[in-house]
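Asker: So I've got this file, protein-v9.pdb, and it contains PDB, N, CA and C atoms and all ligand atoms:
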```
ATOM      1  N   MET A   1     126.988 129.626 138.460  1.00  0.00           N
ATOM      2  CA  MET A   1     126.516 128.644 139.431  1.00  0.00           C
ATOM      3  C   MET A   1     127.307 127.357 139.259  1.00  0.00           C
ATOM      4  N   LEU A   2     127.577 126.741 140.362  1.00  0.00           N
ATOM      5  CA  LEU A   2     128.314 125.477 140.341  1.00  0.00           C
ATOM      6  C   LEU A   2     127.475 124.405 141.027  1.00  0.00           C
ATOM      7  N   PRO A   3     127.737 123.152 140.721  1.00  0.00           N
ATOM      8  CA  PRO A   3     127.048 122.085 141.461  1.00  0.00           C
ATOM      9  C   PRO A   3     127.372 122.173 142.939  1.00  0.00           C
ATOM     10  N   GLN A   4     126.405 121.850 143.786  1.00  0.00           N
ATOM     11  CA  GLN A   4     126.626 121.962 145.223  1.00  0.00           C
ATOM     12  C   GLN A   4     127.576 120.901 145.724  1.00  0.00           C
ATOM     13  N   GLY A   5     127.697 119.808 144.994  1.00  0.00           N
ATOM     14  CA  GLY A   5     128.612 118.770 145.439  1.00  0.00           C
ATOM     15  C   GLY A   5     128.905 117.813 144.314  1.00  0.00           C
ATOM     16  N   ARG A   6     129.917 117.022 144.524  1.00  0.00           N
ATOM     17  CA  ARG A   6     130.299 116.048 143.508  1.00  0.00           C
ATOM     18  C   ARG A   6     129.277 114.922 143.475  1.00  0.00           C
ATOM     19  N   THR A   7     128.836 114.537 142.269  1.00  0.00           N
ATOM     20  CA  THR A   7     127.922 113.409 142.145  1.00  0.00           C
ATOM     21  C   THR A   7     128.709 112.116 142.290  1.00  0.00           C
ATOM     22  N   SER A   8     128.276 111.283 143.235  1.00  0.00           N
ATOM     23  CA  SER A   8     129.004 110.037 143.491  1.00  0.00           C
ATOM     24  C   SER A   8     128.800 109.055 142.347  1.00  0.00           C
ATOM     25  N   LYS A   9     129.689 108.070 142.285  1.00  0.00           N
ATOM     26  CA  LYS A   9     129.557 107.033 141.255  1.00  0.00           C
ATOM     27  C   LYS A   9     128.224 106.305 141.384  1.00  0.00           C
ATOM     28  N   MET A  10     127.816 106.083 142.643  1.00  0.00           N
ATOM     29  CA  MET A  10     126.568 105.340 142.832  1.00  0.00           C
ATOM     30  C   MET A  10     125.385 106.179 142.354  1.00  0.00           C
ATOM     31  N   ARG A  11     125.388 107.469 142.684  1.00  0.00           N
ATOM     32  CA  ARG A  11     124.267 108.317 142.280  1.00  0.00           C
ATOM     33  C   ARG A  11     124.216 108.425 140.764  1.00  0.00           C
ATOM     34  N   LYS A  12     125.394 108.566 140.148  1.00  0.00           N
ATOM     35  CA  LYS A  12     125.457 108.644 138.688  1.00  0.00           C
ATOM     36  C   LYS A  12     124.948 107.343 138.068  1.00  0.00           C
ATOM     37  N   GLY A  13     125.393 106.204 138.622  1.00  0.00           N
ATOM     38  CA  GLY A  13     124.969 104.925 138.082  1.00  0.00           C
ATOM     39  C   GLY A  13     123.485 104.678 138.278  1.00  0.00           C
ATOM     40  N   THR A  14     122.974 105.106 139.421  1.00  0.00           N
ATOM     41  CA  THR A  14     121.552 104.927 139.693  1.00  0.00           C
ATOM     42  C   THR A  14     120.723 105.750 138.716  1.00  0.00           C
ATOM     43  N   ARG A  15     121.181 106.978 138.453  1.00  0.00           N
ATOM     44  CA  ARG A  15     120.446 107.828 137.513  1.00  0.00           C
ATOM     45  C   ARG A  15     120.465 107.203 136.123  1.00  0.00           C
ATOM     46  N   ARG A  16     121.598 106.674 135.733  1.00  0.00           N
ATOM     47  CA  ARG A  16     121.731 106.120 134.379  1.00  0.00           C
ATOM     48  C   ARG A  16     121.194 104.698 134.258  1.00  0.00           C
ATOM     49  N   SER A  17     120.656 104.154 135.340  1.00  0.00           N
ATOM     50  CA  SER A  17     120.156 102.789 135.278  1.00  0.00           C
ATOM     51  C   SER A  17     118.940 102.673 134.378  1.00  0.00           C
ATOM     52  N   HIS A  18     118.323 103.805 134.006  1.00  0.00           N
ATOM     53  CA  HIS A  18     117.142 103.774 133.133  1.00  0.00           C
ATOM     54  C   HIS A  18     117.489 104.191 131.714  1.00  0.00           C
ATOM     55  N   HIS A  19     118.759 104.398 131.413  1.00  0.00           N
ATOM     56  CA  HIS A  19     119.123 104.984 130.122  1.00  0.00           C
ATOM     57  C   HIS A  19     119.364 103.959 129.022  1.00  0.00           C
ATOM     58  N   ALA A  20     119.296 102.696 129.348  1.00  0.00           N
ATOM     59  CA  ALA A  20     119.632 101.688 128.342  1.00  0.00           C
ATOM     60  C   ALA A  20     118.619 101.708 127.204  1.00  0.00           C
ATOM     61  N   LEU A  21     119.089 101.543 125.973  1.00  0.00           N
ATOM     62  CA  LEU A  21     118.224 101.464 124.805  1.00  0.00           C
ATOM     63  C   LEU A  21     117.839 100.014 124.568  1.00  0.00           C
ATOM     64  N   ARG A  22     116.655  99.846 124.048  1.00  0.00           N
ATOM     65  CA  ARG A  22     116.195  98.496 123.705  1.00  0.00           C
ATOM     66  C   ARG A  22     116.006  98.423 122.203  1.00  0.00           C
ATOM     67  N   ALA A  23     116.283  97.278 121.661  1.00  0.00           N
ATOM     68  CA  ALA A  23     116.104  97.092 120.221  1.00  0.00           C
ATOM     69  C   ALA A  23     114.618  97.190 119.888  1.00  0.00           C
ATOM     70  N   PRO A  24     114.269  97.769 118.731  1.00  0.00           N
ATOM     71  CA  PRO A  24     112.860  97.854 118.374  1.00  0.00           C
ATOM     72  C   PRO A  24     112.268  96.483 118.139  1.00  0.00           C
ATOM     73  N   ASN A  25     110.989  96.376 118.469  1.00  0.00           N
ATOM     74  CA  ASN A  25     110.284  95.112 118.297  1.00  0.00           C
ATOM     75  C   ASN A  25     109.984  94.920 116.809  1.00  0.00           C
ATOM     76  N   LEU A  26     110.586  93.924 116.201  1.00  0.00           N
ATOM     77  CA  LEU A  26     110.408  93.701 114.776  1.00  0.00           C
ATOM     78  C   LEU A  26     109.645  92.408 114.550  1.00  0.00           C
ATOM     79  N   VAL A  27     108.780  92.433 113.563  1.00  0.00           N
ATOM     80  CA  VAL A  27     108.086  91.217 113.142  1.00  0.00           C
ATOM     81  C   VAL A  27     108.358  91.046 111.650  1.00  0.00           C
ATOM     82  N   ALA A  28     108.258  89.829 111.169  1.00  0.00           N
ATOM     83  CA  ALA A  28     108.487  89.571 109.751  1.00  0.00           C
ATOM     84  C   ALA A  28     107.213  89.882 108.971  1.00  0.00           C
ATOM     85  N   CYS A  29     107.366  90.573 107.846  1.00  0.00           N
ATOM     86  CA  CYS A  29     106.220  90.876 106.986  1.00  0.00           C
ATOM     87  C   CYS A  29     105.655  89.567 106.440  1.00  0.00           C
ATOM     88  N   PRO A  30     104.339  89.343 106.569  1.00  0.00           N
ATOM     89  CA  PRO A  30     103.784  88.078 106.079  1.00  0.00           C
ATOM     90  C   PRO A  30     103.824  87.965 104.558  1.00  0.00           C
ATOM     91  N   LYS A  31     104.008  89.099 103.881  1.00  0.00           N
ATOM     92  CA  LYS A  31     103.983  89.050 102.420  1.00  0.00           C
ATOM     93  C   LYS A  31     105.387  88.818 101.853  1.00  0.00           C
ATOM     94  N   CYS A  32     106.349  89.625 102.312  1.00  0.00           N
ATOM     95  CA  CYS A  32     107.683  89.526 101.718  1.00  0.00           C
ATOM     96  C   CYS A  32     108.727  89.028 102.710  1.00  0.00           C
ATOM     97  N   GLY A  33     108.387  88.914 103.990  1.00  0.00           N
ATOM     98  CA  GLY A  33     109.328  88.388 104.955  1.00  0.00           C
ATOM     99  C   GLY A  33     110.295  89.401 105.512  1.00  0.00           C
ATOM    100  N   GLN A  34     110.260  90.631 105.010  1.00  0.00           N
ATOM    101  CA  GLN A  34     111.150  91.689 105.503  1.00  0.00           C
ATOM    102  C   GLN A  34     110.762  92.052 106.935  1.00  0.00           C
ATOM    103  N   ALA A  35     111.744  92.365 107.769  1.00  0.00           N
ATOM    104  CA  ALA A  35     111.449  92.777 109.137  1.00  0.00           C
ATOM    105  C   ALA A  35     110.756  94.126 109.102  1.00  0.00           C
ATOM    106  N   LYS A  36     109.682  94.253 109.889  1.00  0.00           N
ATOM    107  CA  LYS A  36     108.968  95.523 109.952  1.00  0.00           C
ATOM    108  C   LYS A  36     108.462  95.722 111.358  1.00  0.00           C
ATOM    109  N   LEU A  37     108.063  96.966 111.674  1.00  0.00           N
ATOM    110  CA  LEU A  37     107.493  97.249 112.971  1.00  0.00           C
ATOM    111  C   LEU A  37     106.056  96.741 112.994  1.00  0.00           C
ATOM    112  N   PRO A  38     105.619  96.178 114.142  1.00  0.00           N
ATOM    113  CA  PRO A  38     104.240  95.735 114.220  1.00  0.00           C
ATOM    114  C   PRO A  38     103.277  96.913 114.103  1.00  0.00           C
ATOM    115  N   HIS A  39     102.138  96.724 113.488  1.00  0.00           N
ATOM    116  CA  HIS A  39     101.087  97.731 113.292  1.00  0.00           C
ATOM    117  C   HIS A  39     101.556  98.843 112.370  1.00  0.00           C
ATOM    118  N   ALA A  40     102.581  98.605 111.548  1.00  0.00           N
ATOM    119  CA  ALA A  40     103.050  99.621 110.604  1.00  0.00           C
ATOM    120  C   ALA A  40     103.155  98.971 109.232  1.00  0.00           C
ATOM    121  N   ALA A  41     103.005  99.800 108.202  1.00  0.00           N
ATOM    122  CA  ALA A  41     103.115  99.277 106.850  1.00  0.00           C
ATOM    123  C   ALA A  41     104.553  98.859 106.580  1.00  0.00           C
ATOM    124  N   CYS A  42     104.714  97.808 105.790  1.00  0.00           N
ATOM    125  CA  CYS A  42     106.050  97.324 105.441  1.00  0.00           C
ATOM    126  C   CYS A  42     106.720  98.334 104.517  1.00  0.00           C
ATOM    127  N   ALA A  43     107.966  98.692 104.812  1.00  0.00           N
ATOM    128  CA  ALA A  43     108.687  99.654 103.969  1.00  0.00           C
ATOM    129  C   ALA A  43     109.083  99.024 102.645  1.00  0.00           C
ATOM    130  N   ASN A  44     109.125  97.720 102.586  1.00  0.00           N
ATOM    131  CA  ASN A  44     109.580  97.045 101.365  1.00  0.00           C
ATOM    132  C   ASN A  44     108.437  96.882 100.363  1.00  0.00           C
ATOM    133  N   CYS A  45     107.297  96.329 100.801  1.00  0.00           N
ATOM    134  CA  CYS A  45     106.223  96.041  99.859  1.00  0.00           C
ATOM    135  C   CYS A  45     104.965  96.850 100.144  1.00  0.00           C
ATOM    136  N   GLY A  46     104.900  97.569 101.264  1.00  0.00           N
ATOM    137  CA  GLY A  46     103.726  98.381 101.547  1.00  0.00           C
ATOM    138  C   GLY A  46     102.593  97.636 102.220  1.00  0.00           C
ATOM    139  N   TYR A  47     102.794  96.354 102.486  1.00  0.00           N
ATOM    140  CA  TYR A  47     101.721  95.576 103.106  1.00  0.00           C
ATOM    141  C   TYR A  47     101.506  96.039 104.540  1.00  0.00           C
ATOM    142  N   ALA A  48     100.258  96.341 104.898  1.00  0.00           N
ATOM    143  CA  ALA A  48      99.953  96.713 106.272  1.00  0.00           C
ATOM    144  C   ALA A  48      99.050  95.668 106.904  1.00  0.00           C
ATOM    145  N   SER A  49      98.011  95.267 106.215  1.00  0.00           N
ATOM    146  CA  SER A  49      97.128  94.222 106.708  1.00  0.00           C
ATOM    147  C   SER A  49      96.431  93.626 105.498  1.00  0.00           C
ATOM    148  N   ALA A  50      95.537  92.672 105.754  1.00  0.00           N
ATOM    149  CA  ALA A  50      94.857  92.026 104.637  1.00  0.00           C
ATOM    150  C   ALA A  50      94.011  93.025 103.851  1.00  0.00           C
ATOM    151  N   LYS A  51      93.535  94.100 104.536  1.00  0.00           N
ATOM    152  CA  LYS A  51      92.655  95.061 103.883  1.00  0.00           C
ATOM    153  C   LYS A  51      93.418  96.253 103.328  1.00  0.00           C
ATOM    154  N   VAL A  52      94.518  96.615 103.969  1.00  0.00           N
ATOM    155  CA  VAL A  52      95.207  97.862 103.627  1.00  0.00           C
ATOM    156  C   VAL A  52      96.577  97.540 103.057  1.00  0.00           C
ATOM    157  N   ALA A  53      96.879  98.072 101.907  1.00  0.00           N
ATOM    158  CA  ALA A  53      98.220  97.962 101.343  1.00  0.00           C
ATOM    159  C   ALA A  53      98.569  99.297 100.700  1.00  0.00           C
ATOM    160  N   LEU A  54      99.721  99.826 101.060  1.00  0.00           N
ATOM    161  CA  LEU A  54     100.165 101.110 100.513  1.00  0.00           C
ATOM    162  C   LEU A  54     101.289 100.844  99.524  1.00  0.00           C
ATOM    163  N   PRO A  55     101.352 101.587  98.436  1.00  0.00           N
ATOM    164  CA  PRO A  55     102.512 101.442  97.567  1.00  0.00           C
ATOM    165  C   PRO A  55     103.774 101.867  98.293  1.00  0.00           C
ATOM    166  N   PRO A  56     104.864 101.180  98.157  1.00  0.00           N
ATOM    167  CA  PRO A  56     106.088 101.540  98.888  1.00  0.00           C
ATOM    168  C   PRO A  56     106.561 102.937  98.522  1.00  0.00           C
ATOM    169  N   GLU A  57     107.126 103.617  99.527  1.00  0.00           N
ATOM    170  CA  GLU A  57     107.678 104.972  99.378  1.00  0.00           C
ATOM    171  C   GLU A  57     106.612 105.963  98.947  1.00  0.00           C
ATOM    172  N   SER A  58     105.346 105.723  99.332  1.00  0.00           N
ATOM    173  CA  SER A  58     104.326 106.725  99.042  1.00  0.00           C
ATOM    174  C   SER A  58     104.048 107.495 100.315  1.00  0.00           C
ATOM    175  N   GLU A  59     104.548 108.730 100.387  1.00  0.00           N
ATOM    176  CA  GLU A  59     104.255 109.586 101.508  1.00  0.00           C
ATOM    177  C   GLU A  59     102.998 110.378 101.167  1.00  0.00           C
ATOM    178  N   GLU A  60     102.501 111.123 102.152  1.00  0.00           N
ATOM    179  CA  GLU A  60     101.274 111.859 101.896  1.00  0.00           C
ATOM    180  C   GLU A  60     101.469 112.867 100.767  1.00  0.00           C
ATOM    181  N   SER A  61     100.415 113.037  99.986  1.00  0.00           N
ATOM    182  CA  SER A  61     100.362 113.901  98.789  1.00  0.00           C
ATOM    183  C   SER A  61     101.167 113.362  97.638  1.00  0.00           C
TER     184      SER A  61
HETATM  185 ZN    ZN B 101     106.555  93.420 103.054  1.00  0.00          ZN
END
```
Could you quickly redo this structure as structure tokens?

Answerer:
Amino acid sequence: MLPQGRTSKMRKGTRRSHHALRAPNLVACPKCGQAKLPHAACANCGYASAKVALPPESEES
């Protein structure tokens, strides 16, 4: 099977107009200042919130 027709530059550009990547939203950790994702534990110190703190590099089990 072959494409029925050549995709024009405009059609290609229009399709790819939604493909741009955005930088992740980073916030500074209030404990150590390292950039971290909001609502996620800090990879550096494990701080998640005032109540929850995980030891760094502790995966499940
Ligand atoms: Zn931290």

Asker: Step by step, work through what the PyMOL selection byres (((chain A and resi 44) around 8) and not hetatm) selects in the shown file, and finish by giving those residues as a PDB file with N, CA and C atoms, in the coordinates of the input.

Answerer:
```
ATOM      1  N   CYS A  32     106.349  89.625 102.312  1.00  0.00           N
ATOM      2  CA  CYS A  32     107.683  89.526 101.718  1.00  0.00           C
ATOM      3  C   CYS A  32     108.727  89.028 102.710  1.00  0.00           C
ATOM      4  N   GLN A  34     110.260  90.631 105.010  1.00  0.00           N
ATOM      5  CA  GLN A  34     111.150  91.689 105.503  1.00  0.00           C
ATOM      6  C   GLN A  34     110.762  92.052 106.935  1.00  0.00           C
ATOM      7  N   ALA A  35     111.744  92.365 107.769  1.00  0.00           N
ATOM      8  CA  ALA A  35     111.449  92.777 109.137  1.00  0.00           C
ATOM      9  C   ALA A  35     110.756  94.126 109.102  1.00  0.00           C
ATOM     10  N   LYS A  36     109.682  94.253 109.889  1.00  0.00           N
ATOM     11  CA  LYS A  36     108.968  95.523 109.952  1.00  0.00           C
ATOM     12  C   LYS A  36     108.462  95.722 111.358  1.00  0.00           C
ATOM     13  N   ALA A  41     103.005  99.800 108.202  1.00  0.00           N
ATOM     14  CA  ALA A  41     103.115  99.277 106.850  1.00  0.00           C
ATOM     15  C   ALA A  41     104.553  98.859 106.580  1.00  0.00           C
ATOM     16  N   CYS A  42     104.714  97.808 105.790  1.00  0.00           N
ATOM     17  CA  CYS A  42     106.050  97.324 105.441  1.00  0.00           C
ATOM     18  C   CYS A  42     106.720  98.334 104.517  1.00  0.00           C
ATOM     19  N   ALA A  43     107.966  98.692 104.812  1.00  0.00           N
ATOM     20  CA  ALA A  43     108.687  99.654 103.969  1.00  0.00           C
ATOM     21  C   ALA A  43     109.083  99.024 102.645  1.00  0.00           C
ATOM     22  N   CYS A  45     107.297  96.329 100.801  1.00  0.00           N
ATOM     23  CA  CYS A  45     106.223  96.041  99.859  1.00  0.00           C
ATOM     24  C   CYS A  45     104.965  96.850 100.144  1.00  0.00           C
ATOM     25  N   GLY A  46     104.900  97.569 101.264  1.00  0.00           N
ATOM     26  CA  GLY A  46     103.726  98.381 101.547  1.00  0.00           C
ATOM     27  C   GLY A  46     102.593  97.636 102.220  1.00  0.00           C
ATOM     28  N   TYR A  47     102.794  96.354 102.486  1.00  0.00           N
ATOM     29  CA  TYR A  47     101.721  95.576 103.106  1.00  0.00           C
ATOM     30  C   TYR A  47     101.506  96.039 104.540  1.00  0.00           C
ATOM     31  N   PRO A  55     101.352 101.587  98.436  1.00  0.00           N
ATOM     32  CA  PRO A  55     102.512 101.442  97.567  1.00  0.00           C
ATOM     33  C   PRO A  55     103.774 101.867  98.293  1.00  0.00           C
ATOM     34  N   PRO A  56     104.864 101.180  98.157  1.00  0.00           N
ATOM     35  CA  PRO A  56     106.088 101.540  98.888  1.00  0.00           C
ATOM     36  C   PRO A  56     106.561 102.937  98.522  1.00  0.00           C
ATOM     37  N   GLU A  57     107.126 103.617  99.527  1.00  0.00           N
ATOM     38  CA  GLU A  57     107.678 104.972  99.378  1.00  0.00           C
ATOM     39  C   GLU A  57     106.612 105.963  98.947  1.00  0.00           C
TER      40      GLU A  57
END
```

Asker: Taking all atoms of range 2-15 of chain A that the file lists and extending 6 Å past them on each side, where is the centre of the axis-aligned box and how long are its edges? Answer in Å to one decimal, as AutoDock Vina command-line options.

Answerer:
```
--center_x 125.4 --center_y 115.7 --center_z 140.9 --size_x 21.9 --size_y 34.1 --size_z 21.6
```

Asker: Excluding Ser49 in chain A and residues on its chain fewer than 5 positions from it, collect all residues at most 10 Å away from it, counting only C-alpha atoms, and give them as an MDAnalysis selection string.

Answerer: chainID A and resid 29:31 39:42 54

Asker: How many Å separate CA of Pro38 in chain A from CA of Arg16 in chain A?

Answerer: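 A separation of 28.6 Å between them.
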
Asker: What are the DSSP strand (DSSP E) residues of chain A, as a list in words?

Answerer: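 Strand (DSSP E) members of chain A, listed: Val27, Ala28, Ala35 and Lys36 of chain A.
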
Asker: Would you mind telling me which residue in A:Val52, A:Ala20, A:Ala28, A:Leu2 lies nearest to ligand ZN 101 (chain B) when using all atoms listed in the file?

Answerer: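 Selected residue with least distance to ligand ZN 101 (chain B): A:Ala28.
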
Asker: What gap, in Å, lies between atom N of Lys9 in chain A and atom N of Leu21 in chain A?

Answerer: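 It comes out at 20.5 Å.
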
Asker: Between A:Gly33, A:Ala50, A:Ser17, A:Asn25, which is the closest to ligand ZN 101 (chain B) once you count only N, CA and C atoms and all ligand atoms?

Answerer: A:Gly33

Asker: Got a sec to tell me which of chain A DSSP assigns to helix (DSSP H, G or I), as a list in words?

Answerer: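 So, restricting chain A to helix (DSSP H, G or I), we get Lys9, Met10, Arg11, Lys12, Gly13, Thr14, Arg15, Arg16, Ser17 and His18 of chain A.
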
Asker: Would you mind telling me which residue in A:Leu37, A:Lys51, A:Gly5, A:His18 lies nearest to ligand ZN 101 (chain B) when using only C-alpha atoms and all ligand atoms?

Answerer: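 That would be A:Leu37, the residue with the smallest distance to ligand ZN 101 (chain B).
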
Asker: Could you state the separation of atom C of Met1 in chain A and CA of Arg15 in chain A in Å, given to one decimal place?

Answerer: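 Between atom C of Met1 in chain A and CA of Arg15 in chain A the gap is 20.8 Å.
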
Asker: Counting only C-alpha atoms and all ligand atoms, figure out which residue out of A:Arg11, A:Arg6, A:Pro24, A:Ala48 gets nearest to ligand ZN 101 (chain B).

Answerer: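 Among the listed residues, the smallest separation from ligand ZN 101 (chain B) belongs to A:Ala48.
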